[in-house]
$ cat data.tsv   # TSV, C-alpha atoms
chain	number	residue	atom	x	y	z
F	20	MET	CA	40.55	-20.70	-23.70
F	21	LYS	CA	39.25	-17.37	-24.98
F	22	LYS	CA	38.06	-15.01	-22.27
F	23	MET	CA	35.99	-11.82	-22.37
F	24	TYR	CA	35.72	-9.26	-19.57
F	25	ILE	CA	32.78	-6.87	-19.67
F	26	GLY	CA	32.51	-3.68	-17.62
F	27	VAL	CA	29.01	-2.20	-17.35
F	28	ASP	CA	28.13	1.32	-16.21
F	29	LEU	CA	24.44	0.87	-15.44
F	30	HIS	CA	21.80	3.60	-15.43
F	31	LYS	CA	18.02	3.68	-15.50
F	32	GLY	CA	17.63	4.65	-19.17
F	33	GLN	CA	20.82	3.21	-20.63
F	34	PHE	CA	23.97	1.26	-19.87
F	35	THR	CA	27.46	1.62	-21.29
F	36	VAL	CA	29.51	-1.52	-21.94
F	37	CYS	CA	33.24	-2.00	-22.39
F	38	TRP	CA	34.36	-5.31	-23.97
F	39	LEU	CA	37.91	-6.23	-23.01
F	40	THR	CA	39.99	-9.32	-23.80
F	41	GLU	CA	43.32	-10.44	-22.33
F	42	GLY	CA	46.23	-8.53	-23.83
F	43	SER	CA	44.10	-5.75	-25.35
F	44	LYS	CA	44.79	-2.19	-24.18
F	45	GLU	CA	41.63	-0.59	-25.53
F	46	GLY	CA	38.22	-2.16	-25.15
F	47	ARG	CA	35.31	-1.77	-27.55
F	48	ILE	CA	32.61	0.55	-26.19
F	49	ASN	CA	28.87	0.17	-26.82
F	50	ILE	CA	25.94	2.14	-25.43
F	51	TYR	CA	22.63	0.32	-25.06
F	52	TYR	CA	19.31	1.99	-24.32
F	53	SER	CA	17.05	0.13	-21.92
F	54	LYS	CA	14.06	-0.12	-24.29
F	55	ASN	CA	15.72	-2.72	-26.54
F	56	GLY	CA	19.26	-2.61	-25.20
F	57	TYR	CA	19.04	-5.77	-23.10
F	58	LYS	CA	18.07	-7.84	-26.13
F	59	LEU	CA	20.91	-6.39	-28.23
F	60	PHE	CA	23.37	-7.01	-25.42
F	61	GLU	CA	22.19	-10.60	-24.96
F	62	ASP	CA	22.45	-11.20	-28.73
F	63	GLU	CA	26.06	-9.95	-28.56
F	64	ILE	CA	26.80	-12.39	-25.73
F	65	ARG	CA	25.42	-15.30	-27.76
F	66	ARG	CA	27.54	-14.24	-30.75
F	67	LEU	CA	30.67	-14.19	-28.56
F	68	ARG	CA	29.97	-17.75	-27.46
F	69	GLU	CA	29.62	-18.84	-31.05
F	70	GLU	CA	33.04	-17.29	-31.69
F	71	GLY	CA	34.56	-19.51	-29.00
F	72	TYR	CA	34.61	-17.29	-25.89
F	73	GLU	CA	34.12	-19.93	-23.22
F	74	GLU	CA	34.56	-17.67	-20.17
F	75	ILE	CA	32.65	-14.38	-20.06
F	76	LYS	CA	32.65	-12.28	-16.90
F	77	VAL	CA	30.52	-9.20	-16.28
F	78	GLY	CA	31.19	-6.50	-13.67
F	79	VAL	CA	28.51	-3.97	-12.71
F	80	GLU	CA	28.11	-1.37	-9.97
F	81	SER	CA	25.41	-1.77	-7.33
F	82	THR	CA	22.46	0.49	-8.22
F	83	GLY	CA	18.66	0.38	-8.03
F	84	ASN	CA	18.17	-1.89	-11.06
F	85	THR	CA	21.24	-4.09	-10.55
F	86	ARG	CA	19.13	-7.07	-9.44
F	87	TYR	CA	17.14	-6.98	-12.69
F	88	PHE	CA	20.35	-6.76	-14.73
F	89	MET	CA	21.98	-9.59	-12.75
F	90	ASN	CA	18.92	-11.85	-13.15
F	91	ARG	CA	19.04	-11.42	-16.93
F	92	MET	CA	22.75	-12.20	-16.97
F	93	GLU	CA	22.23	-15.33	-14.88
F	94	GLN	CA	19.60	-16.51	-17.37
F	95	LEU	CA	22.41	-16.46	-19.96
F	96	GLY	CA	24.65	-18.43	-17.61
F	97	LEU	CA	27.10	-15.56	-17.08
F	98	ASN	CA	29.25	-14.93	-14.04
F	99	CYS	CA	28.02	-11.48	-12.94
F	100	ILE	CA	30.02	-9.65	-10.26
F	101	VAL	CA	28.26	-6.84	-8.39
F	102	ILE	CA	30.78	-4.28	-7.19
F	103	ASN	CA	30.99	-3.16	-3.56
F	104	THR	CA	31.05	0.61	-4.12
F	105	LEU	CA	32.30	1.31	-0.58
F	106	LYS	CA	35.54	-0.48	-1.43
F	107	PHE	CA	35.78	0.69	-5.05
F	108	LYS	CA	36.28	4.46	-4.93
F	109	ILE	CA	38.24	4.70	-8.18
F	110	VAL	CA	35.15	5.36	-10.28
F	111	ASN	CA	33.63	8.00	-7.98
F	112	GLN	CA	36.93	9.79	-7.32
F	113	SER	CA	38.14	9.71	-10.91
F	114	VAL	CA	39.09	13.05	-12.50
F	115	LYS	CA	37.65	11.85	-15.79
F	116	LYS	CA	34.09	10.89	-14.87
F	117	THR	CA	32.28	9.63	-17.97
F	118	ASP	CA	30.19	6.52	-18.59
F	119	LYS	CA	32.69	5.17	-21.13
F	120	HIS	CA	35.66	5.68	-18.81
F	121	ASP	CA	33.81	4.11	-15.87
F	122	ALA	CA	32.87	1.04	-17.92
F	123	LYS	CA	36.46	0.67	-19.11
F	124	THR	CA	37.81	0.98	-15.55
F	125	ILE	CA	35.44	-1.74	-14.35
F	126	ALA	CA	36.48	-4.03	-17.22
F	127	GLU	CA	40.20	-3.49	-16.51
F	128	PHE	CA	39.85	-4.31	-12.81
F	129	LEU	CA	37.65	-7.28	-13.67
F	130	LEU	CA	40.36	-8.61	-15.97
F	131	LYS	CA	42.91	-8.33	-13.13
F	132	ASP	CA	40.48	-9.99	-10.71
F	133	MET	CA	40.62	-6.95	-8.42
F	134	LEU	CA	36.94	-6.00	-8.16
F	135	PRO	CA	35.58	-6.00	-4.57
F	136	GLU	CA	32.40	-8.06	-4.74
F	137	SER	CA	29.10	-7.26	-3.05
F	138	LYS	CA	26.64	-10.06	-2.27
F	139	ILE	CA	23.06	-9.68	-3.47
F	140	CYS	CA	20.50	-11.04	-1.03
F	141	SER	CA	18.07	-13.82	-1.89
F	142	MET	CA	14.60	-13.11	-3.24
F	143	GLN	CA	13.06	-14.24	0.07
F	144	SER	CA	15.13	-11.71	1.99
F	145	GLU	CA	14.39	-9.05	-0.62
F	146	MET	CA	10.64	-9.62	-0.20
F	147	LEU	CA	10.91	-9.42	3.59
F	148	ARG	CA	12.94	-6.20	3.36
F	149	ARG	CA	10.34	-4.59	1.11
F	150	LEU	CA	7.52	-5.58	3.46
F	151	MET	CA	9.44	-4.28	6.49
F	152	LYS	CA	10.13	-0.97	4.74
F	153	THR	CA	6.44	-0.69	3.85
F	154	ARG	CA	5.51	-1.29	7.48
F	155	SER	CA	8.08	1.27	8.64
F	156	THR	CA	6.66	3.89	6.25
F	157	LEU	CA	3.13	3.31	7.55
F	158	VAL	CA	4.20	3.39	11.21
F	159	ARG	CA	6.16	6.63	10.74
F	160	ALA	CA	3.21	8.27	9.00
F	161	SER	CA	0.96	7.24	11.90
F	162	VAL	CA	3.41	8.58	14.50
F	163	LYS	CA	3.71	11.88	12.62
F	164	ILE	CA	-0.07	12.37	12.66
F	165	LYS	CA	-0.29	11.44	16.35
F	166	ASN	CA	2.39	14.01	17.19
F	167	GLN	CA	0.51	16.63	15.20
F	168	LEU	CA	-2.72	15.81	17.06
F	169	HIS	CA	-0.93	15.91	20.41
F	170	GLY	CA	0.36	19.42	19.68
F	171	LEU	CA	-3.03	20.57	18.38
F	172	LEU	CA	-4.86	19.37	21.50
F	173	MET	CA	-2.25	20.90	23.79
F	174	GLY	CA	-2.85	24.20	21.99
F	175	ILE	CA	-6.52	24.23	23.05
F	176	GLY	CA	-5.83	23.17	26.62
F	177	ILE	CA	-6.52	19.45	26.38
F	178	GLU	CA	-3.69	17.48	27.95
F	179	ILE	CA	-3.35	13.82	26.98
F	180	SER	CA	-0.55	11.31	27.20
F	181	ARG	CA	0.95	9.98	24.00
F	182	GLY	CA	-0.16	6.51	25.02
F	183	GLN	CA	-3.81	7.54	24.74
F	184	MET	CA	-3.33	7.98	21.00
F	185	GLN	CA	-2.51	4.28	20.62
F	186	SER	CA	-6.02	3.10	21.54
F	187	LYS	CA	-8.92	3.48	19.13
F	188	LYS	CA	-11.31	3.64	22.09
F	189	LYS	CA	-9.33	6.50	23.68
F	190	ARG	CA	-9.20	8.38	20.39
F	191	GLN	CA	-12.97	8.13	20.09
F	192	GLN	CA	-13.38	9.48	23.64
F	193	ILE	CA	-11.20	12.48	22.78
F	194	LEU	CA	-13.26	13.10	19.65
F	195	ASN	CA	-16.50	12.95	21.69
F	196	VAL	CA	-15.14	15.58	24.12
F	197	LEU	CA	-14.21	17.85	21.22
F	198	GLU	CA	-17.67	17.49	19.65
F	199	GLU	CA	-19.35	18.34	22.97
F	200	GLN	CA	-17.23	21.48	23.33
F	201	GLY	CA	-17.45	22.37	19.65
F	202	LEU	CA	-13.66	22.58	19.44
F	203	LEU	CA	-11.97	21.62	16.14
F	204	ALA	CA	-13.89	18.35	15.91
F	205	LYS	CA	-14.24	18.66	12.13
F	206	ALA	CA	-10.50	19.29	11.75
F	207	VAL	CA	-9.44	16.45	14.03
F	208	GLU	CA	-11.82	13.75	12.82
F	209	PRO	CA	-10.08	13.18	9.41
F	210	LEU	CA	-6.75	12.74	11.22
F	211	PHE	CA	-8.27	10.13	13.54
F	212	ASP	CA	-9.75	8.33	10.51
F	213	THR	CA	-6.33	8.36	8.83
F	214	ILE	CA	-4.71	6.85	11.92
F	215	ASP	CA	-7.32	4.06	11.94
F	216	GLN	CA	-6.64	3.33	8.27
F	217	LEU	CA	-2.87	3.27	8.81
F	218	VAL	CA	-3.25	0.91	11.77
F	219	GLU	CA	-5.32	-1.46	9.64
F	220	GLN	CA	-2.74	-1.36	6.85
F	221	VAL	CA	0.06	-2.12	9.33
F	222	LYS	CA	-1.90	-5.14	10.58
F	223	LYS	CA	-2.31	-6.38	6.99
F	224	VAL	CA	1.41	-6.08	6.33
F	225	GLU	CA	2.25	-7.88	9.59
F	226	LYS	CA	-0.21	-10.66	8.73
F	227	ARG	CA	1.42	-11.03	5.33
F	228	ILE	CA	4.87	-11.20	6.96
F	229	GLU	CA	3.63	-13.85	9.38
F	230	GLU	CA	2.18	-15.93	6.53
F	231	ILE	CA	5.36	-16.03	4.44
F	232	THR	CA	7.63	-16.73	7.43
F	233	VAL	CA	5.57	-19.43	9.12
F	234	ASP	CA	8.05	-22.14	8.11
F	235	ASP	CA	11.21	-20.06	8.41
F	236	LYS	CA	13.53	-21.88	10.81
F	237	ALA	CA	15.85	-18.88	11.32
F	238	ILE	CA	12.97	-16.67	12.50
F	239	LYS	CA	11.83	-19.34	14.98
F	240	GLN	CA	15.38	-19.51	16.34
F	241	LEU	CA	15.53	-15.72	16.72
F	242	MET	CA	12.14	-15.60	18.44
F	243	SER	CA	13.45	-18.02	21.07
F	244	ILE	CA	15.52	-15.12	22.45
F	245	PRO	CA	13.70	-13.44	25.40
F	246	GLY	CA	12.50	-9.99	24.32
F	247	SER	CA	12.39	-10.83	20.62
F	248	GLY	CA	9.11	-10.48	18.76
F	249	LEU	CA	8.15	-11.28	15.18
F	250	ILE	CA	9.11	-7.87	13.75
F	251	THR	CA	12.55	-7.87	15.39
F	252	ALA	CA	13.22	-11.46	14.32
F	253	VAL	CA	12.11	-10.84	10.73
F	254	THR	CA	14.25	-7.70	10.49
F	255	ILE	CA	17.38	-9.54	11.63
F	256	ARG	CA	16.57	-12.47	9.33
F	257	ALA	CA	15.94	-10.25	6.30
F	258	TRP	CA	19.09	-8.14	6.56
F	259	ALA	CA	21.39	-10.93	7.73
F	260	ASP	CA	20.21	-13.09	4.80
F	261	ASP	CA	22.40	-16.21	4.54
F	262	ILE	CA	24.45	-16.25	7.74
F	263	LYS	CA	26.95	-18.66	6.15
F	264	ARG	CA	28.37	-15.84	4.04
F	265	PHE	CA	30.01	-14.56	7.24
F	266	SER	CA	32.93	-16.82	8.06
F	267	ASP	CA	33.03	-15.66	11.69
F	268	ALA	CA	31.07	-13.55	14.18
F	269	LYS	CA	33.45	-10.58	13.81
F	270	LYS	CA	32.51	-10.17	10.17
F	271	PHE	CA	28.82	-10.28	11.03
F	272	CYS	CA	29.35	-7.56	13.67
F	273	ALA	CA	31.29	-5.48	11.14
F	274	TYR	CA	28.48	-5.93	8.60
F	275	ALA	CA	26.02	-4.63	11.21
F	276	GLY	CA	28.26	-1.59	11.82
F	277	LEU	CA	28.75	-2.41	15.51
F	278	VAL	CA	32.57	-2.46	15.50
F	279	PRO	CA	34.68	0.64	16.35
F	280	TRP	CA	36.75	2.69	13.94
F	281	VAL	CA	40.41	1.69	14.24
F	282	GLN	CA	43.44	3.67	13.14
F	283	LYS	CA	46.86	2.16	13.76
F	284	SER	CA	50.16	3.76	12.90
F	285	ASN	CA	53.54	2.70	14.25
F	286	GLU	CA	52.97	2.08	17.98
F	287	HIS	CA	49.82	4.18	18.24
F	288	ALA	CA	46.29	2.82	18.01
F	289	TYR	CA	43.14	4.95	18.03
F	290	TYR	CA	39.65	3.54	18.53
F	291	GLY	CA	36.62	5.66	17.74
F	292	HIS	CA	32.85	5.30	17.64
F	293	ILE	CA	31.18	2.39	15.90
F	294	THR	CA	31.41	2.51	12.11
F	295	LYS	CA	27.63	2.40	11.47
F	296	ARG	CA	28.44	0.76	8.15
F	297	GLY	CA	25.95	-1.72	6.83
F	298	PRO	CA	22.15	-1.78	7.10
F	299	GLU	CA	20.71	0.58	9.71
F	300	GLU	CA	17.67	-1.68	10.04
F	301	LEU	CA	19.77	-4.61	11.29
F	302	ARG	CA	21.63	-2.42	13.78
F	303	THR	CA	18.37	-0.94	15.08
F	304	ALA	CA	16.82	-4.40	15.45
F	305	LEU	CA	19.77	-5.59	17.55
F	306	VAL	CA	19.44	-2.53	19.78
F	307	GLN	CA	15.69	-3.17	20.13
F	308	LEU	CA	16.50	-6.76	21.08
F	309	VAL	CA	18.73	-5.51	23.92
F	310	LEU	CA	15.96	-3.25	25.19
F	311	GLY	CA	13.54	-6.18	25.00
F	312	MET	CA	15.86	-8.29	27.15
F	313	VAL	CA	16.08	-5.43	29.65
F	314	ARG	CA	12.28	-5.28	29.85
F	315	TYR	CA	12.14	-9.04	30.49
F	316	LYS	CA	14.41	-8.75	33.52
F	317	LYS	CA	12.36	-11.31	35.46
F	318	ILE	CA	13.57	-13.87	32.93
F	319	THR	CA	16.90	-12.36	31.90
F	320	GLY	CA	17.99	-10.96	35.26
F	321	ARG	CA	20.42	-13.83	35.89
F	322	TYR	CA	22.02	-13.65	32.43
F	323	ARG	CA	25.67	-12.64	32.28
F	324	LEU	CA	24.73	-10.15	29.55
F	325	MET	CA	22.37	-8.34	31.91
F	326	GLY	CA	24.98	-8.35	34.66
F	327	LEU	CA	27.41	-6.74	32.23
F	328	TYR	CA	24.70	-4.30	31.15
F	329	ASN	CA	24.04	-3.17	34.72
F	330	SER	CA	27.73	-2.75	35.58
F	331	MET	CA	28.63	-0.92	32.34
F	332	LYS	CA	25.64	1.39	32.57
F	333	GLN	CA	26.97	2.95	35.79
F	334	ASN	CA	30.23	4.03	34.13
F	335	LYS	CA	29.55	4.25	30.39
F	336	GLY	CA	25.93	5.41	30.30
F	337	SER	CA	22.97	3.83	28.53
F	338	GLY	CA	23.92	4.54	24.91
F	339	LYS	CA	27.37	2.96	24.86
F	340	THR	CA	26.23	0.10	27.07
F	341	ILE	CA	23.31	-0.84	24.80
F	342	THR	CA	25.62	-0.74	21.76
F	343	ALA	CA	28.17	-2.98	23.49
F	344	ILE	CA	25.51	-5.53	24.50
F	345	ALA	CA	24.04	-5.40	20.97
F	346	ARG	CA	27.42	-6.43	19.59
F	347	LYS	CA	27.62	-9.36	22.00
F	348	LEU	CA	24.10	-10.37	21.03
F	349	ALA	CA	25.17	-10.26	17.37
F	350	VAL	CA	27.88	-12.81	18.21
F	351	ILE	CA	25.30	-15.05	19.91
F	352	ILE	CA	22.92	-14.73	16.96
F	353	TRP	CA	25.67	-15.60	14.48
F	354	SER	CA	26.45	-18.72	16.49
F	355	MET	CA	22.76	-19.70	16.77
F	356	LEU	CA	22.02	-19.31	13.06
F	357	SER	CA	25.30	-20.93	11.98
F	358	ASN	CA	24.76	-24.01	14.14
F	359	GLY	CA	20.96	-24.16	13.75
F	360	ASP	CA	20.40	-23.90	17.51
F	361	ASN	CA	17.71	-22.15	19.52
F	362	PHE	CA	18.59	-19.71	22.28
F	363	ASP	CA	19.89	-21.65	25.29
F	364	PRO	CA	19.23	-19.71	28.54
F	365	MET	CA	21.41	-22.09	30.55
F	366	LYS	CA	24.47	-20.86	28.67
F	367	MET	CA	23.56	-17.29	29.60
F	368	ILE	CA	23.18	-17.83	33.34
F	369	ASP	CA	26.11	-16.82	35.54
F	370	LYS	CA	26.94	-20.12	37.25
F	371	LYS	CA	28.93	-18.39	40.00
F	372	LEU	CA	25.86	-16.41	41.02
F	373	CYS	CA	23.78	-19.59	40.97
F	374	VAL	CA	26.29	-21.32	43.26
F	375	LYS	CA	26.33	-18.38	45.66
F	376	ALA	CA	22.52	-18.26	45.68
F	377	GLN	CA	22.38	-21.97	46.47
F	378	GLU	CA	24.92	-21.54	49.28
F	379	MET	CA	22.78	-18.76	50.76
F	380	ARG	CA	19.72	-21.00	50.62
F	381	ASP	CA	21.60	-23.81	52.32
F	382	ARG	CA	22.73	-21.47	55.14
F	383	ILE	CA	19.18	-20.22	55.66
F	384	ASN	CA	17.92	-23.80	55.81
F	385	ASP	CA	20.63	-24.75	58.32
F	386	VAL	CA	19.74	-21.82	60.59
F	387	ALA	CA	16.06	-22.68	60.35
$ encode --input "data.tsv" --output "structure tokens"
Amino acid sequence: MKKMYIGVDLHKGQFTVCWLTEGSKEGRINIYYSKNGYKLFEDEIRRLREEGYEEIKVGVESTGNTRYFMNRMEQLGLNCIVINTLKFKIVNQSVKKTDKHDAKTIAEFLLKDMLPESKICSMQSEMLRRLMKTRSTLVRASVKIKNQLHGLLMGIGIEISRGQMQSKKKRQQILNVLEEQGLLAKAVEPLFDTIDQLVEQVKKVEKRIEEITVDDKAIKQLMSIPGSGLITAVTIRAWADDIKRFSDAKKFCAYAGLVPWVQKSNEHAYYGHITKRGPEELRTALVQLVLGMVRYKKITGRYRLMGLYNSMKQNKGSGKTITAIARKLAVIIWSMLSNGDNFDPMKMIDKKLCVKAQEMRDRINDVA
């Protein structure tokens, strides 16, 4: 069976291709420009199939337009491998850094089946990620303006809490005071209007997110966790994507960047801070979920996780404790999504504490 291995160095305006077959030392190099390059490349693939190449593999680095390239390759029925650049440093650290050399290197490693593969998320997850990033941009812009207003008002002797900026009614009251005193009302009013517009846009994005996730089982499972809201659940769902691609909970924690650096040599082992590899959004959502559980202490107070949180916080401090609990929550979430189960509070309750509490109640009843 004739096989062809294709290494692609992909850029916005052009892509360089190296065609390599088994046994060949030098691959043929072609440069295609994006305007009509995709069509020429696809015509070349069809010609190879007519020549009897039954297996054609394509390797490409992960860049901004990789999804578009991969979709076009899948339409041709090709096996397209997206390279995990974190594990493939040969291209970036090469002394000879040219497009032709990079394409050839990719083709050679593809031929030897040594390319570290990176998974591309589903279109549903991609859409959710884009919506969440849009919402984040709008929220950050709103916060930036609120901070600017807070500093401006402090400069003219008007002290307000940051919470007062969250309410439209409170903002209008502040504007009325400024107009009565003739202080910077004309300068502040456009900023207040901008905040109102940003708030409305955030609500539209959130409504859109709610509409497209109404039947998403994974999000319903995540929202069954005390302290989890729609935004937190959608963030975890979007960046976790298909949970089945993680064979165990440890790999999911590593993907979230919540595992420590480890260096082992001979009999010595060194453990450092968490790696922070993987999507920051997922890691932040898990931390927010911990804080949500802490706020719902009337419900979560008997959970073993919260008992661990309270004991660790005394010795390790808040930061390390929250990170440790976030990792344990990641394990629980992996198990929930893998098994299709909702959050079970009975599994979280410390049974020993429940037994002791019941014994105390019995003693009180006996004395009474």
$ residues_around --input "data.tsv" --residues "F:Val77" --least-positions-apart "5" --cutoff "10 Å" --atoms "all atoms listed in the file" --output "list in words"
Met23, Tyr24, Ile25, Gly26, Val27, Val36, Cys37, Trp38, Met89, Met92, Leu97, Asn98, Cys99, Ile100, Val101, Ile125, Ala126, Leu129 and Leu130 of chain F
$ atom_distance --input "data.tsv" --atom1 "atom CA of F:Ala343" --atom2 "atom CA of F:Thr319"
16.9 Å
$ closest_residue --input "data.tsv" --among "F:Ile262, F:Ala122, F:Leu348, F:Ile250" --to "F:Asp28" --atoms "all atoms listed in the file"
F:Ala122
$ residues_around --input "data.tsv" --residues "F:Ala257" --least-positions-apart "2" --cutoff "12 Å" --atoms "all atoms listed in the file" --output "ChimeraX atom specification"
/F:140-152,228,232,235,237-238,241,249-255,259-262,298,300-301,304
$ atom_distance --input "data.tsv" --atom1 "atom CA of F:Gln220" --atom2 "atom CA of F:Leu168"
20.0 Å
$ closest_residue --input "data.tsv" --among "F:Asn90, F:Ser137, F:Ser266, F:Gln333" --to "F:Phe107" --atoms "all atoms listed in the file"
F:Ser137
$ residues_around --input "data.tsv" --residues "F:Asn329" --least-positions-apart "3" --cutoff "12 Å" --atoms "all atoms listed in the file" --output "PDB file with C-alpha atoms, in the frame of the given file"
ATOM      1  CA  VAL F 313      16.080  -5.430  29.650  1.00  0.00           C
ATOM      2  CA  LYS F 316      14.410  -8.750  33.520  1.00  0.00           C
ATOM      3  CA  THR F 319      16.900 -12.360  31.900  1.00  0.00           C
ATOM      4  CA  GLY F 320      17.990 -10.960  35.260  1.00  0.00           C
ATOM      5  CA  ARG F 321      20.420 -13.830  35.890  1.00  0.00           C
ATOM      6  CA  TYR F 322      22.020 -13.650  32.430  1.00  0.00           C
ATOM      7  CA  ARG F 323      25.670 -12.640  32.280  1.00  0.00           C
ATOM      8  CA  LEU F 324      24.730 -10.150  29.550  1.00  0.00           C
ATOM      9  CA  MET F 325      22.370  -8.340  31.910  1.00  0.00           C
ATOM     10  CA  GLY F 326      24.980  -8.350  34.660  1.00  0.00           C
ATOM     11  CA  LYS F 332      25.640   1.390  32.570  1.00  0.00           C
ATOM     12  CA  GLN F 333      26.970   2.950  35.790  1.00  0.00           C
ATOM     13  CA  ASN F 334      30.230   4.030  34.130  1.00  0.00           C
ATOM     14  CA  LYS F 335      29.550   4.250  30.390  1.00  0.00           C
ATOM     15  CA  GLY F 336      25.930   5.410  30.300  1.00  0.00           C
ATOM     16  CA  SER F 337      22.970   3.830  28.530  1.00  0.00           C
ATOM     17  CA  THR F 340      26.230   0.100  27.070  1.00  0.00           C
ATOM     18  CA  ILE F 341      23.310  -0.840  24.800  1.00  0.00           C
ATOM     19  CA  ALA F 343      28.170  -2.980  23.490  1.00  0.00           C
ATOM     20  CA  ILE F 344      25.510  -5.530  24.500  1.00  0.00           C
TER      21      ILE F 344
END
$ atom_distance --input "data.tsv" --atom1 "atom CA of F:Lys226" --atom2 "atom CA of F:Ser247"
17.3 Å
$ residues_around --input "data.tsv" --residues "F:Pro245" --least-positions-apart "3" --cutoff "8 Å" --atoms "all atoms listed in the file" --output "number ranges by chain"
F: 242, 311-312, 315, 318-319
$ residues_around --input "data.tsv" --residues "F:Ile214" --least-positions-apart "2" --cutoff "8 Å" --atoms "only C-alpha atoms" --output "MDAnalysis selection string"
chainID F and resid 161 164:165 210:212 216:218
$ closest_residue --input "data.tsv" --among "F:Val114, F:Ala204, F:Val224, F:Met184" --to "F:Leu157" --atoms "only C-alpha atoms"
F:Val224
$ axis_aligned_box --input "data.tsv" --around "stretch 266-281 of chain F" --padding-each-side "4 Å" --output "AutoDock Vina command-line options"
--center_x 33.2 --center_y -7.1 --center_z 12.2 --size_x 22.4 --size_y 27.5 --size_z 16.3
$ closest_residue --input "data.tsv" --among "F:His169, F:Tyr87, F:Met20, F:Val79" --to "F:Phe128" --atoms "all atoms listed in the file"
F:Val79
$ closest_residue --input "data.tsv" --among "F:Thr35, F:Thr82, F:Asn55, F:Ser43" --to "F:His120" --atoms "all atoms listed in the file"
F:Thr35
$ build_atoms --input "data.tsv" --residues "stretch 76-88 of chain F" --atoms "N, CA and C atoms" --output "PDB file, in the frame of the given file"
ATOM      1  N   LYS F  76      32.941 -12.868 -18.210  1.00  0.00           N
ATOM      2  CA  LYS F  76      32.650 -12.280 -16.900  1.00  0.00           C
ATOM      3  C   LYS F  76      32.101 -10.878 -17.077  1.00  0.00           C
ATOM      4  N   VAL F  77      31.149 -10.527 -16.220  1.00  0.00           N
ATOM      5  CA  VAL F  77      30.520  -9.200 -16.280  1.00  0.00           C
ATOM      6  C   VAL F  77      30.649  -8.540 -14.912  1.00  0.00           C
ATOM      7  N   GLY F  78      31.105  -7.281 -14.900  1.00  0.00           N
ATOM      8  CA  GLY F  78      31.190  -6.500 -13.670  1.00  0.00           C
ATOM      9  C   GLY F  78      30.268  -5.297 -13.745  1.00  0.00           C
ATOM     10  N   VAL F  79      29.473  -5.074 -12.699  1.00  0.00           N
ATOM     11  CA  VAL F  79      28.510  -3.970 -12.710  1.00  0.00           C
ATOM     12  C   VAL F  79      28.430  -3.366 -11.314  1.00  0.00           C
ATOM     13  N   GLU F  80      28.250  -2.041 -11.255  1.00  0.00           N
ATOM     14  CA  GLU F  80      28.110  -1.370  -9.970  1.00  0.00           C
ATOM     15  C   GLU F  80      26.739  -1.655  -9.363  1.00  0.00           C
ATOM     16  N   SER F  81      26.664  -1.541  -8.034  1.00  0.00           N
ATOM     17  CA  SER F  81      25.410  -1.770  -7.330  1.00  0.00           C
ATOM     18  C   SER F  81      24.541  -0.522  -7.393  1.00  0.00           C
ATOM     19  N   THR F  82      23.410  -0.615  -8.096  1.00  0.00           N
ATOM     20  CA  THR F  82      22.460   0.490  -8.220  1.00  0.00           C
ATOM     21  C   THR F  82      21.041  -0.061  -8.023  1.00  0.00           C
ATOM     22  N   GLY F  83      20.046   0.784  -8.276  1.00  0.00           N
ATOM     23  CA  GLY F  83      18.660   0.380  -8.030  1.00  0.00           C
ATOM     24  C   GLY F  83      18.191  -0.765  -8.895  1.00  0.00           C
ATOM     25  N   ASN F  84      18.646  -0.839 -10.150  1.00  0.00           N
ATOM     26  CA  ASN F  84      18.170  -1.890 -11.060  1.00  0.00           C
ATOM     27  C   ASN F  84      19.224  -2.970 -11.302  1.00  0.00           C
ATOM     28  N   THR F  85      20.192  -3.080 -10.388  1.00  0.00           N
ATOM     29  CA  THR F  85      21.240  -4.090 -10.550  1.00  0.00           C
ATOM     30  C   THR F  85      20.677  -5.502 -10.473  1.00  0.00           C
ATOM     31  N   ARG F  86      19.703  -5.719  -9.567  1.00  0.00           N
ATOM     32  CA  ARG F  86      19.130  -7.070  -9.440  1.00  0.00           C
ATOM     33  C   ARG F  86      18.497  -7.521 -10.747  1.00  0.00           C
ATOM     34  N   TYR F  87      17.771  -6.625 -11.413  1.00  0.00           N
ATOM     35  CA  TYR F  87      17.140  -6.980 -12.690  1.00  0.00           C
ATOM     36  C   TYR F  87      18.203  -7.328 -13.728  1.00  0.00           C
ATOM     37  N   PHE F  88      19.260  -6.514 -13.782  1.00  0.00           N
ATOM     38  CA  PHE F  88      20.350  -6.760 -14.730  1.00  0.00           C
ATOM     39  C   PHE F  88      21.021  -8.106 -14.416  1.00  0.00           C
TER      40      PHE F  88
END
